[in-house]
Amino acid sequence: MFNAALEMRARGLTVYDLSLGNPDLEPPQLWKDAALSLLNSDERGRHRYMNNSGFPEVRKFVAEREASLYGVAFEASDVTMTVGAAGGLNVAFRTILDPGDEILTPTPFFTEYRNYTENHDVKLVLAPTREDFTLDVDAILSRITDRTRIVLLNSPNNPTGAVYDAASLDSLTAGLRQRTLPRPLYVVEDAPYRNLMFDGSTAPSMLGRYPNTLLVTSHSKDLALPGERIGYLLVAPGCEARSELNRAFEYWNRVLGFVNAPALMQRTLLAVLGQPGGSVDPQIYARKTQRMSQALGALGFGLPRIHAGFFLFPKLPESLSITPPEGGSRDVTFCQLLAAEGCLAVPGVAFGGEDHVRLALCVGDETVTGAISAFERVCGALRQR
Ligand SMILES: Cc1ncc(COP(=O)(O)O)c(C=O)c1O
């Protein structure tokens, strides 16, 4: 999609690109100031290799922040600084999984999970969510087998925007606790959008609920730094094999070729996280997603109200006469028609959610305006057929 947009622009077309979760917001001024002052510092040796898990003072800082957030007694050794959330997920998967093991995740799901599971020769098992994309705990529990090693939760969710509520996490915890399995079953929370809740709260977590929980996150979205690749992996103190996991994460961070998370980025976090102005403003995304939701609702798309992040996953109206080619799907055809009107969106089938489209509203207001017009033109034409 990235290349498609570049190509369309090179042909002189105006592109309304809602296809990528690549924030158009700039990082906060506080972060820029912190980065500049670190770069200008005369202190020597700050850009060298380090312990593969990250700078000790950064790990301690993260552990203390997370402890106060979740009421869980993390230590610095429970934190591995990673190359984004993607790096953290791959380190966790390589550490925990043997070939043939299973990762169980609710669907629709972040497309890259399919690729990451292939990296480690394991199987991705999908559990459906409810109509409004909230968690179907029974669907998850009924798919656990002796080979399931990880339940992978992504909340707030990409692509659907769903946030899993405390009650469903309580019920998942109760269900998981009842299972006796030959090997430990870990919950891995992939939470790069957790700080983008519209009401300013933190998304509910399995941390503090289920002992075998790992959290993977990054500042790609809440500090608008996806290209800088800074994230971390956190082990709950109650995790089985806690210290082995922490040591193995250090090893795999190195051996998978990440070596360590970027040094400068790690140290900027000390000056930014938890400070006033130390985050992008989620309200900006709230406004854009609400505006788009209203326009889509008026066109007959079905979509639940979202409370975090910047993704929408609307369902195509039945009333549109979309005729996909043999073996094709309506969402792919719809996205092609949309692209012909200058608007890029991703077919839901890429996320395991056929008949939907995934829209990333981390774009400027003029792009939202252009995208709404493109949707109106395409829907208008499909209704006249
Ligand atoms: C659900 C989810 N997990 C992980 C990632 C990867 O994040 P990062 O860029 O920090 O590696 C993304 C990025 O879009 C995502 O949406």
# chains A, B, ... in the order shown; residues from 1 in each chain; ligands from 1

$ residues_near_ligand --ligand "ligand 1" --cutoff "9 Å" --atoms "only C-alpha atoms and all ligand atoms" --output "VMD selection string"
chain A and resid 20 to 22 82 to 89 109 to 113 153 to 159 190 to 193 216 to 221 225 to 231

$ select_by_dssp --residues "stretch 69-307 of chain A" --states "strand (DSSP E)" --output "mmCIF file with C-alpha atoms, in the first residue's frame"
data_model
loop_
_atom_site.group_PDB
_atom_site.id
_atom_site.type_symbol
_atom_site.label_atom_id
_atom_site.label_comp_id
_atom_site.auth_asym_id
_atom_site.auth_seq_id
_atom_site.Cartn_x
_atom_site.Cartn_y
_atom_site.Cartn_z
ATOM 1 C CA VAL A 79 12.061 -5.220 31.149
ATOM 2 C CA THR A 80 13.733 -5.911 27.800
ATOM 3 C CA MET A 81 14.005 -2.865 25.564
ATOM 4 C CA THR A 82 13.144 -3.900 21.995
ATOM 5 C CA GLU A 102 0.194 -22.798 18.532
ATOM 6 C CA ILE A 103 -0.523 -19.121 19.074
ATOM 7 C CA LEU A 104 -4.207 -18.458 19.657
ATOM 8 C CA THR A 105 -5.538 -15.008 18.811
ATOM 9 C CA PRO A 106 -8.934 -13.371 18.363
ATOM 10 C CA THR A 107 -9.824 -12.483 14.793
ATOM 11 C CA LYS A 123 0.620 -22.234 13.850
ATOM 12 C CA LEU A 124 -1.719 -19.247 14.186
ATOM 13 C CA VAL A 125 -5.103 -20.396 15.488
ATOM 14 C CA LEU A 126 -7.966 -17.916 15.174
ATOM 15 C CA ALA A 127 -10.846 -17.452 17.614
ATOM 16 C CA PRO A 128 -13.792 -15.373 16.349
ATOM 17 C CA THR A 148 -1.252 -23.799 22.639
ATOM 18 C CA ARG A 149 1.577 -21.868 24.278
ATOM 19 C CA ILE A 150 0.465 -18.276 23.743
ATOM 20 C CA VAL A 151 -2.864 -16.460 23.796
ATOM 21 C CA LEU A 152 -2.091 -13.264 21.913
ATOM 22 C CA LEU A 153 -4.323 -10.295 22.743
ATOM 23 C CA TYR A 186 1.350 -17.420 28.410
ATOM 24 C CA VAL A 187 -0.848 -14.473 27.577
ATOM 25 C CA VAL A 188 1.086 -12.037 25.396
ATOM 26 C CA GLU A 189 -0.514 -8.612 25.259
ATOM 27 C CA ASP A 190 0.448 -6.634 22.177
ATOM 28 C CA THR A 213 1.325 -12.462 31.309
ATOM 29 C CA LEU A 214 3.841 -10.677 29.099
ATOM 30 C CA LEU A 215 3.244 -7.200 27.753
ATOM 31 C CA VAL A 216 4.756 -6.007 24.493
ATOM 32 C CA THR A 217 4.445 -2.366 23.585
ATOM 33 C CA SER A 218 6.123 0.490 21.753
ATOM 34 C CA GLY A 231 9.496 -0.552 22.426
ATOM 35 C CA TYR A 232 9.784 -3.053 25.231
ATOM 36 C CA LEU A 233 8.806 -6.432 26.524
ATOM 37 C CA LEU A 234 7.661 -6.817 30.112
ATOM 38 C CA VAL A 235 7.409 -10.000 32.174
#

$ closest_residue --among "A:Trp252, A:Phe375, A:Thr323, A:Ala295" --to "A:Ile96" --atoms "only C-alpha atoms"
A:Trp252

$ closest_residue --among "A:Ser19, A:Thr95, A:Ser53, A:Gln266" --to "A:Val346" --atoms "only C-alpha atoms"
A:Ser19

$ atom_distance --atom1 "atom CA of A:Ser77" --atom2 "atom CA of A:Asp222"
24.2 Å

$ closest_residue --among "A:Ala298, A:Val378, A:Leu135, A:Ala67" --to "A:Thr160" --atoms "only C-alpha atoms"
A:Leu135

$ closest_residue --among "A:Leu207, A:Val72, A:Leu141, A:Val363" --to "A:Asp17" --atoms "only C-alpha atoms"
A:Val363

$ residues_around --residues "A:Phe198" --least-positions-apart "3" --cutoff "8 Å" --atoms "only C-alpha atoms" --output "PyMOL selection string"
chain A and resi 201+282-283+286+307-309

$ closest_residue --among "A:Ser37, A:Asn253, A:Gln290, A:Ser373" --to "A:Leu338" --atoms "only C-alpha atoms"
A:Ser373

$ atom_distance --atom1 "atom CA of A:Val62" --atom2 "atom CA of A:Asp78"
9.5 Å

$ atom_distance --atom1 "atom CA of A:Trp31" --atom2 "atom CA of A:Val58"
15.3 Å

$ closest_atom_pairs --of "stretch 88-161 of chain A" --to "stretch 300-306 of chain A" --cutoff "9 Å" --atoms "only C-alpha atoms" --output "JSON lines"
{"residue": "A:Glu131", "atom": "CA", "partner": "A:Pro304", "partner_atom": "CA", "distance": 8.9}
{"residue": "A:Asp132", "atom": "CA", "partner": "A:Pro304", "partner_atom": "CA", "distance": 5.8}
{"residue": "A:Phe133", "atom": "CA", "partner": "A:Pro304", "partner_atom": "CA", "distance": 8.3}
{"residue": "A:Thr160", "atom": "CA", "partner": "A:Ile306", "partner_atom": "CA", "distance": 8.3}
{"residue": "A:Gly161", "atom": "CA", "partner": "A:Ile306", "partner_atom": "CA", "distance": 5.7}

$ select_by_dssp --residues "stretch 149-187 of chain A" --states "alpha helix (DSSP H)" --output "number ranges by chain"
A: 166-178

$ closest_residue --among "A:Thr173, A:Leu196, A:Arg114, A:Ser205" --to "A:Asp138" --atoms "only C-alpha atoms"
A:Thr173

$ residues_around --residues "A:Asp121" --least-positions-apart "4" --cutoff "8 Å" --atoms "only C-alpha atoms" --output "number ranges by chain"
A: 98-100, 117
